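Student: First, the structure itself, so that you have it in front of you.
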Amino acid sequence: MFALIRSRVMARSRFAGAIPGSKVCTPGASALLRHYHKPSRTASFKTLTKDDLEHFKGILPAETILATPAVGGSSDPIELEGFNADWLNKYRGNSQLVLRPKTTQEVSDILKYCNAQGIAVVPQGGNTGLVGGSVPVHDEVILSLRNMSRVRNYDELSGVLVCDAGCVLEELGNYVGERDHIMPLDLGAKGSCHIGGNVATNAGGIRFLRYGSLHGSVLGLEVVLPDGTILDNLSTLRKDNTGYDLKQLFIGSEGSLGVITGVSVITPQRSSAVNVTVLGVTSYENVQRAFALARKRCGEILSAYEFWDATCMGAVLHHQSLKNPLSAEFPFYVLIETSGSNKDHDDEKMGGLLEELLEEGIVEDGALAQDDSQIARMWTMREGIPESLAKTGATYKYDVSIPIPVLYDIVGDIAKRLESAQLYKPGESGFPVKLVCGYGHIGDGNLHLNIVAEKFEDRVTNIFEPYVYEWVKSHRGSISAEHGVGLMKRDHLEYSKSPEMLAYMKRMKEVFDPKGILNPYKVV
Amino acid sequence: MSSLRILVGVKRVVDSAVKVRVNSAQTGVETANVKHSMNPFDEIAVEEAIRLREKHGKDVVQEIIAVSCGPAKAQETLRTALAMGADRAIHVKTDDNLEPLSVAKLLSKIVGEEKPSLVILGKQAIDDDSNQTGQMLAGLLNWPQATFASKVDIKDGVLEAVREVDGGLETVSSSLPAVVTTDLRLNEPRYASLPNIMKAKKKPLKTVSPADLGVDIRSRLQTLKVTEPAKRQGGKMVASVDELLDKLRNEAKVL
């Protein structure tokens, strides 16, 4: 039985203002351990020896292994920093061995050996996850997929892409882009995240509204099970109803049931006509009314509907050095994107929508992008929010699914609670909490609630945790809309899933990973 | 200050973010189904005209007219100019290929009809990089010109401009009427706002032909062939100085 993770785990680590993509050296490891409540290490997991390293040297090319002197290698521990610490610099393990196999067979050989020896393994893609699922908790071996980054096959007629799991999402986007297609998902981490990781976490993103979930767009997977068995389900068929669709289990399993090594995914046709508008809205109710009207007038070409509040806008304009495209500041901002095949038709539809939004008083002001660089800048206003908040201070992130009508209520609720506790006063500095804000994929009912504080500390965390989870549960929402469970939310799943469901999840884990060596301490 | 009318030239070009390709006939760049938008320097020109009006007031800057020479789709670019704040637009409609001299002649005829005190053009279009139209127009009209302007102002009927030149910055002044061409650092263009986009739909857009203006737009240049530049060869990693010398001598043949 794994030790219970206390809900304060994520509040403990010292936040050092990490910027995505960079690795900041935080104060000494001992300071971290003092604030960081990890589940205790499972005693039955083998501690690596020089013999294990020799074995890996026998099955992998030398340059794919990073091993510290602690296990008989010669790499400086600092070389493993980027693998041991996550993007937010919040979660950190102390793995002494990183393996970067180049083929599926090598992955299979690695897992077969680790399973037999009882060595715990963490599969890792781009390491951009936000719930501590991609880094070791203790000394698990890190299995990085970054050397498996080839496109295996692309069929332009059907749009089916077959590639290695370690391909970077943005590079795949460029590859299919040259062939007039786009990836079915897009997110801020695209420059670093791997498609394998996207599939393992069932990533959502800004295209979800139009192209749906990876559960729909992934056609097949090649997965290596914890015991080394290679499950080849790398199909390119759109329709195949021959038995249980096992790949659906691996999509969203966060590397706890198997290691994804190959992905077959359908890529949509690229639209030649793209329109983006940013609108200023005075109330959350109007944000919803605008969404309803957008669906009515442009539903068939609507490709994104995002929103953010004034606090987020302030942070992003400041940190990204952007100008407000509107004439004034508004409580809410909405970004609408349409994508279609005929510019004249789309311009007319968008023009009609904007006119109606103005006339009905749903929207006070807005700006319509006139060229691609304006489109890029408008998207930065939305995609640059996480980074801008991270630069402002220690960021608590809650990624929740709540019914749209009450989605924004939680932001005001948390702000009030923090104010009553004398920890926050909107617009004033000198308080432990600097900002409370909300933004997200409102079209999908997904809010990213963020609380930015001077530092992570209990007296702040306790105000909204577990309050946020209880709030979400009372609305039958999800405590993790798209970010996943990882280490962070493992002990809170009961807020969104029944005990029976959780019991069956544990049974599935035992079926695929009876020794529990794959990504332990996380998910279920 | 007496009132003045500003004429701004805008051109519809392939969007600056597009990766252009040579067309299969090797006669030019592939433009079919490729995103187009207003030439960035022309956006700056429109913005500057509007800023002059905001600074000096509607009594001084009475009218801003946007002009574009090109095919039917050039009207999209004019609509953008109107949505940014221009008062009316003139479309010189032709499907023929236009060289800078032809455009300058067309604009000089429009200037003769509309009688602006100031013409603002982008310094060059990002598709041909000619950097000629503004200068030729000033020559045809026998007007003073302030090209590569990074700062523009009008004081008591006198134009003052700061030009970006190779040696640094040059401040010039001239009487009006005059031609100004914009450089990158002149201003940051505004977005087309919703209220202005709605207003723009009602603003007048007049269409004329080169024949109406009595201008011969036949090309004086014939493009023989367009090709992509030679592909950059990837670098090679060498393991030793000997290998480097060998490759320099036998492959690159520079020793």
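In the structure tokens, chains take the letters A, B, ... in the order shown, each chain's residues start at 1, and ligands count up from 1 in the order shown.
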Taking only C-alpha atoms into account, which residues of chain B are within 8 Å of chain A, as number ranges by chain?
Tutor: B: 15-17, 33-38, 80, 190-195, 198
Student: Please produce a file of those selected residues containing all heavy atoms, as a tab-separated table (two decimals), in the first residue's frame.
Tutor:
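This went into out_39.tsv:
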```
chain	number	residue	atom	x	y	z
B	15	ASP	N	1.00	37.67	-47.41
B	15	ASP	CA	1.22	37.94	-45.99
B	15	ASP	C	2.67	37.66	-45.59
B	15	ASP	O	3.28	36.69	-46.04
B	15	ASP	CB	0.26	37.08	-45.16
B	15	ASP	CG	0.25	37.49	-43.69
B	15	ASP	OD1	1.27	37.26	-43.01
B	15	ASP	OD2	-0.76	38.05	-43.25
B	16	SER	N	3.21	38.54	-44.74
B	16	SER	CA	4.63	38.43	-44.38
B	16	SER	C	4.95	37.12	-43.67
B	16	SER	O	6.09	36.69	-43.64
B	16	SER	CB	5.04	39.60	-43.48
B	16	SER	OG	4.23	39.63	-42.32
B	17	ALA	N	3.94	36.46	-43.09
B	17	ALA	CA	4.21	35.22	-42.36
B	17	ALA	C	4.28	34.00	-43.27
B	17	ALA	O	4.68	32.93	-42.85
B	17	ALA	CB	3.14	35.01	-41.29
B	33	ASN	N	-4.33	30.69	-53.54
B	33	ASN	CA	-4.65	30.08	-52.25
B	33	ASN	C	-3.63	30.39	-51.17
B	33	ASN	O	-3.45	29.63	-50.23
B	33	ASN	CB	-4.77	28.55	-52.38
B	33	ASN	CG	-6.06	28.18	-53.06
B	33	ASN	OD1	-7.06	28.84	-52.91
B	33	ASN	ND2	-6.00	27.12	-53.86
B	34	VAL	N	-2.96	31.51	-51.32
B	34	VAL	CA	-1.97	31.90	-50.32
B	34	VAL	C	-2.52	33.13	-49.59
B	34	VAL	O	-3.17	33.98	-50.18
B	34	VAL	CB	-0.63	32.22	-51.03
B	34	VAL	CG1	0.27	33.02	-50.13
B	34	VAL	CG2	0.06	30.95	-51.45
B	35	LYS	N	-2.26	33.20	-48.29
B	35	LYS	CA	-2.80	34.30	-47.50
B	35	LYS	C	-2.20	35.63	-47.94
B	35	LYS	O	-0.99	35.75	-48.10
B	35	LYS	CB	-2.48	34.03	-46.02
B	35	LYS	CG	-2.96	35.08	-45.04
B	35	LYS	CD	-4.30	34.71	-44.45
B	35	LYS	CE	-4.90	35.89	-43.72
B	35	LYS	NZ	-4.86	35.75	-42.27
B	36	HIS	N	-3.08	36.62	-48.16
B	36	HIS	CA	-2.63	37.96	-48.52
B	36	HIS	C	-3.07	38.94	-47.45
B	36	HIS	O	-4.05	38.71	-46.74
B	36	HIS	CB	-3.25	38.40	-49.85
B	36	HIS	CG	-2.62	37.77	-51.06
B	36	HIS	ND1	-2.72	36.43	-51.33
B	36	HIS	CD2	-1.87	38.31	-52.05
B	36	HIS	CE1	-2.07	36.17	-52.46
B	36	HIS	NE2	-1.55	37.30	-52.92
B	37	SER	N	-2.36	40.04	-47.33
B	37	SER	CA	-2.79	41.11	-46.43
B	37	SER	C	-2.14	42.42	-46.86
B	37	SER	O	-1.41	42.45	-47.85
B	37	SER	CB	-2.45	40.77	-44.99
B	37	SER	OG	-1.11	40.42	-44.86
B	38	MET	N	-2.40	43.49	-46.11
B	38	MET	CA	-1.86	44.79	-46.49
B	38	MET	C	-0.36	44.81	-46.25
B	38	MET	O	0.13	44.32	-45.24
B	38	MET	CB	-2.53	45.91	-45.68
B	38	MET	CG	-2.16	47.30	-46.18
B	38	MET	SD	-2.67	48.64	-45.09
B	38	MET	CE	-4.43	48.60	-45.25
B	80	THR	N	-9.61	47.30	-45.10
B	80	THR	CA	-8.79	47.35	-43.89
B	80	THR	C	-8.41	48.79	-43.57
B	80	THR	O	-8.49	49.23	-42.43
B	80	THR	CB	-7.52	46.50	-44.04
B	80	THR	OG1	-7.90	45.16	-44.31
B	80	THR	CG2	-6.68	46.53	-42.78
B	190	ARG	N	-2.49	50.35	-35.50
B	190	ARG	CA	-3.56	49.90	-34.61
B	190	ARG	C	-4.29	48.71	-35.22
B	190	ARG	O	-4.18	48.43	-36.41
B	190	ARG	CB	-4.57	51.02	-34.39
B	190	ARG	CG	-5.31	51.45	-35.68
B	190	ARG	CD	-6.01	52.79	-35.49
B	190	ARG	NE	-5.03	53.82	-35.16
B	190	ARG	CZ	-5.32	54.96	-34.57
B	190	ARG	NH1	-6.57	55.25	-34.26
B	190	ARG	NH2	-4.37	55.85	-34.29
B	191	TYR	N	-5.06	48.00	-34.37
B	191	TYR	CA	-5.93	46.94	-34.87
B	191	TYR	C	-7.18	47.58	-35.47
B	191	TYR	O	-7.53	48.71	-35.13
B	191	TYR	CB	-6.37	46.03	-33.72
B	191	TYR	CG	-5.25	45.21	-33.14
B	191	TYR	CD1	-4.50	45.69	-32.06
B	191	TYR	CD2	-4.96	43.94	-33.63
B	191	TYR	CE1	-3.48	44.93	-31.51
B	191	TYR	CE2	-3.94	43.17	-33.07
B	191	TYR	CZ	-3.21	43.67	-32.03
B	191	TYR	OH	-2.21	42.93	-31.48
B	192	ALA	N	-7.85	46.87	-36.36
B	192	ALA	CA	-9.14	47.34	-36.88
B	192	ALA	C	-10.19	47.03	-35.81
B	192	ALA	O	-10.43	45.87	-35.49
B	192	ALA	CB	-9.48	46.60	-38.17
B	193	SER	N	-10.76	48.06	-35.23
B	193	SER	CA	-11.71	47.84	-34.13
B	193	SER	C	-13.10	47.57	-34.68
B	193	SER	O	-13.46	48.00	-35.79
B	193	SER	CB	-11.75	49.06	-33.21
B	193	SER	OG	-12.47	50.10	-33.83
B	194	LEU	N	-13.91	46.89	-33.88
B	194	LEU	CA	-15.26	46.52	-34.32
B	194	LEU	C	-16.10	47.71	-34.73
B	194	LEU	O	-16.70	47.71	-35.81
B	194	LEU	CB	-15.95	45.73	-33.21
B	194	LEU	CG	-16.18	44.27	-33.51
B	194	LEU	CD1	-14.89	43.60	-33.90
B	194	LEU	CD2	-16.82	43.56	-32.35
B	195	PRO	N	-16.20	48.75	-33.88
B	195	PRO	CA	-17.01	49.90	-34.29
B	195	PRO	C	-16.53	50.46	-35.62
B	195	PRO	O	-17.35	50.81	-36.48
B	195	PRO	CB	-16.81	50.90	-33.14
B	195	PRO	CG	-16.41	50.08	-31.98
B	195	PRO	CD	-15.67	48.92	-32.52
B	198	MET	N	-17.54	48.30	-38.57
B	198	MET	CA	-18.94	48.52	-38.92
B	198	MET	C	-19.09	49.82	-39.70
B	198	MET	O	-19.79	49.87	-40.71
B	198	MET	CB	-19.81	48.56	-37.65
B	198	MET	CG	-19.77	47.28	-36.83
B	198	MET	SD	-20.32	45.85	-37.75
B	198	MET	CE	-19.08	44.65	-37.33
```
Student: Just list the residues in stretch 26-81 of chain B DSSP gives helix (DSSP H, G or I) on the backbone, as a PyMOL selection string.
Tutor: chain B and resi 40-56+74-81
Student: Using only C-alpha atoms, which residue out of A:Ser192, A:Ala328, A:Gly82, A:Cys163 lies closest to A:Leu234?
Tutor: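 The answer is A:Cys163, which sits nearest to A:Leu234.
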Student: Stretch 226-281 of chain A: which residues are strand (DSSP E) by DSSP, as a VMD selection string?
Tutor: chain A and resid 230 to 233 259 to 266 273 to 281
Student: Can I get the selection written as an mmCIF file, in the first residue's frame, with N, CA, C and O atoms?
Tutor:
```cif
data_model
loop_
_atom_site.group_PDB
_atom_site.id
_atom_site.type_symbol
_atom_site.label_atom_id
_atom_site.label_comp_id
_atom_site.auth_asym_id
_atom_site.auth_seq_id
_atom_site.Cartn_x
_atom_site.Cartn_y
_atom_site.Cartn_z
ATOM 1 N N ILE A 230 5.196 -6.167 -26.434
ATOM 2 C CA ILE A 230 4.898 -5.077 -27.357
ATOM 3 C C ILE A 230 3.489 -5.295 -27.906
ATOM 4 O O ILE A 230 3.215 -6.294 -28.575
ATOM 5 N N LEU A 231 2.584 -4.363 -27.569
ATOM 6 C CA LEU A 231 1.216 -4.441 -28.086
ATOM 7 C C LEU A 231 1.147 -3.603 -29.356
ATOM 8 O O LEU A 231 1.194 -2.383 -29.306
ATOM 9 N N ASP A 232 1.037 -4.291 -30.495
ATOM 10 C CA ASP A 232 1.006 -3.545 -31.748
ATOM 11 C C ASP A 232 -0.427 -3.313 -32.175
ATOM 12 O O ASP A 232 -1.058 -4.187 -32.772
ATOM 13 N N ASN A 233 -0.955 -2.153 -31.867
ATOM 14 C CA ASN A 233 -2.301 -1.796 -32.293
ATOM 15 C C ASN A 233 -2.198 -0.563 -33.167
ATOM 16 O O ASN A 233 -3.045 0.314 -33.161
ATOM 17 N N VAL A 259 3.998 1.953 -21.881
ATOM 18 C CA VAL A 259 4.750 3.064 -22.473
ATOM 19 C C VAL A 259 4.389 3.155 -23.946
ATOM 20 O O VAL A 259 4.581 2.201 -24.709
ATOM 21 N N ILE A 260 3.826 4.290 -24.347
ATOM 22 C CA ILE A 260 3.452 4.475 -25.745
ATOM 23 C C ILE A 260 4.712 4.744 -26.553
ATOM 24 O O ILE A 260 5.496 5.634 -26.212
ATOM 25 N N THR A 261 4.934 3.962 -27.611
ATOM 26 C CA THR A 261 6.125 4.156 -28.437
ATOM 27 C C THR A 261 5.781 4.585 -29.855
ATOM 28 O O THR A 261 6.620 5.112 -30.577
ATOM 29 N N GLY A 262 4.546 4.352 -30.277
ATOM 30 C CA GLY A 262 4.142 4.753 -31.624
ATOM 31 C C GLY A 262 2.702 5.214 -31.615
ATOM 32 O O GLY A 262 1.879 4.698 -30.858
ATOM 33 N N VAL A 263 2.405 6.209 -32.441
ATOM 34 C CA VAL A 263 1.069 6.792 -32.476
ATOM 35 C C VAL A 263 0.583 6.890 -33.917
ATOM 36 O O VAL A 263 1.344 7.269 -34.810
ATOM 37 N N SER A 264 -0.671 6.525 -34.130
ATOM 38 C CA SER A 264 -1.308 6.733 -35.423
ATOM 39 C C SER A 264 -2.469 7.688 -35.187
ATOM 40 O O SER A 264 -3.359 7.393 -34.396
ATOM 41 N N VAL A 265 -2.435 8.839 -35.846
ATOM 42 C CA VAL A 265 -3.427 9.868 -35.556
ATOM 43 C C VAL A 265 -3.929 10.496 -36.843
ATOM 44 O O VAL A 265 -3.196 10.604 -37.824
ATOM 45 N N ILE A 266 -5.200 10.869 -36.840
ATOM 46 C CA ILE A 266 -5.771 11.491 -38.032
ATOM 47 C C ILE A 266 -5.527 13.000 -37.968
ATOM 48 O O ILE A 266 -5.724 13.619 -36.924
ATOM 49 N N ALA A 273 -8.685 29.849 -44.744
ATOM 50 C CA ALA A 273 -9.206 31.111 -44.224
ATOM 51 C C ALA A 273 -9.322 31.033 -42.704
ATOM 52 O O ALA A 273 -10.100 30.254 -42.173
ATOM 53 N N VAL A 274 -8.541 31.830 -42.015
ATOM 54 C CA VAL A 274 -8.612 31.861 -40.556
ATOM 55 C C VAL A 274 -8.887 33.293 -40.114
ATOM 56 O O VAL A 274 -8.224 34.219 -40.564
ATOM 57 N N ASN A 275 -9.874 33.458 -39.255
ATOM 58 C CA ASN A 275 -10.176 34.775 -38.691
ATOM 59 C C ASN A 275 -10.087 34.722 -37.179
ATOM 60 O O ASN A 275 -10.558 33.767 -36.558
ATOM 61 N N VAL A 276 -9.486 35.739 -36.588
ATOM 62 C CA VAL A 276 -9.401 35.801 -35.136
ATOM 63 C C VAL A 276 -9.868 37.160 -34.667
ATOM 64 O O VAL A 276 -9.489 38.187 -35.231
ATOM 65 N N THR A 277 -10.722 37.165 -33.632
ATOM 66 C CA THR A 277 -11.144 38.426 -33.059
ATOM 67 C C THR A 277 -11.024 38.370 -31.543
ATOM 68 O O THR A 277 -11.226 37.316 -30.929
ATOM 69 N N VAL A 278 -10.644 39.488 -30.940
ATOM 70 C CA VAL A 278 -10.621 39.608 -29.485
ATOM 71 C C VAL A 278 -11.701 40.601 -29.103
ATOM 72 O O VAL A 278 -11.781 41.692 -29.674
ATOM 73 N N LEU A 279 -12.574 40.218 -28.163
ATOM 74 C CA LEU A 279 -13.717 41.053 -27.809
ATOM 75 C C LEU A 279 -13.677 41.454 -26.355
ATOM 76 O O LEU A 279 -13.222 40.686 -25.508
ATOM 77 N N GLY A 280 -14.162 42.661 -26.060
ATOM 78 C CA GLY A 280 -14.267 43.137 -24.679
ATOM 79 C C GLY A 280 -15.695 42.954 -24.205
ATOM 80 O O GLY A 280 -16.633 43.416 -24.856
ATOM 81 N N VAL A 281 -15.870 42.273 -23.084
ATOM 82 C CA VAL A 281 -17.206 41.940 -22.585
ATOM 83 C C VAL A 281 -17.341 42.409 -21.146
ATOM 84 O O VAL A 281 -16.408 42.287 -20.363
#
```
Student: Excluding same-chain residues fewer than 6 positions from stretch 230-244 of chain B, what lies within 12 Å of it counting only C-alpha atoms, as a short mmCIF file (atom, residue, chain, number, x, y, z; two decimals) with all heavy atoms, in the first residue's frame?
Tutor:
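Resulting contents of out35.cif:
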```cif
data_model
loop_
_atom_site.label_atom_id
_atom_site.label_comp_id
_atom_site.auth_asym_id
_atom_site.auth_seq_id
_atom_site.Cartn_x
_atom_site.Cartn_y
_atom_site.Cartn_z
N ASN B 250 39.67 18.21 -50.45
CA ASN B 250 39.09 17.34 -51.47
C ASN B 250 37.60 17.55 -51.73
O ASN B 250 37.13 17.26 -52.81
CB ASN B 250 39.33 15.87 -51.09
CG ASN B 250 40.83 15.57 -51.02
OD1 ASN B 250 41.58 16.03 -51.88
ND2 ASN B 250 41.25 14.85 -50.00
N GLU B 251 36.87 18.05 -50.75
CA GLU B 251 35.43 18.23 -50.96
C GLU B 251 35.10 19.69 -51.23
O GLU B 251 34.50 20.03 -52.23
CB GLU B 251 34.65 17.72 -49.75
CG GLU B 251 34.48 16.20 -49.77
CD GLU B 251 33.64 15.71 -48.61
OE1 GLU B 251 32.67 16.41 -48.25
OE2 GLU B 251 33.96 14.64 -48.07
N ALA B 252 35.48 20.55 -50.31
CA ALA B 252 35.17 21.97 -50.49
C ALA B 252 36.11 22.63 -51.49
O ALA B 252 35.80 23.68 -52.05
CB ALA B 252 35.24 22.68 -49.14
N LYS B 253 37.28 21.98 -51.68
CA LYS B 253 38.27 22.45 -52.66
C LYS B 253 38.65 23.91 -52.43
O LYS B 253 38.66 24.73 -53.36
CB LYS B 253 37.74 22.25 -54.09
CG LYS B 253 37.50 20.78 -54.44
CD LYS B 253 37.59 20.58 -55.94
CE LYS B 253 37.04 19.25 -56.45
NZ LYS B 253 37.26 18.03 -55.71
N VAL B 254 38.91 24.24 -51.18
CA VAL B 254 39.33 25.61 -50.89
C VAL B 254 40.80 25.67 -50.48
O VAL B 254 41.34 26.72 -50.19
CB VAL B 254 38.45 26.26 -49.80
CG1 VAL B 254 37.05 26.45 -50.32
CG2 VAL B 254 38.47 25.45 -48.54
N LEU B 255 41.45 24.50 -50.41
CA LEU B 255 42.87 24.52 -50.07
C LEU B 255 43.71 24.04 -51.23
O LEU B 255 43.29 23.14 -51.97
CB LEU B 255 43.13 23.62 -48.85
CG LEU B 255 42.62 24.13 -47.52
CD1 LEU B 255 42.95 23.12 -46.43
CD2 LEU B 255 43.29 25.47 -47.20
#
```
Student: Which polymer residues have any atom within 12 Å of an atom of stretch 56-63 of chain B, counting only C-alpha atoms, with same-chain residues fewer than 3 positions away left out, as a PyMOL selection string?
Tutor: chain B and resi 1-8+48-53+66+82+85-89+114-119+153-157
Student: Rank A:Val121, A:Leu145, A:Ile110, A:Leu187 by their smallest atom-to-atom distance to A:Thr380, using only C-alpha atoms, and report the top residue only.
Tutor: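 Residue with the minimum atom-to-atom distance to A:Thr380: A:Leu187.
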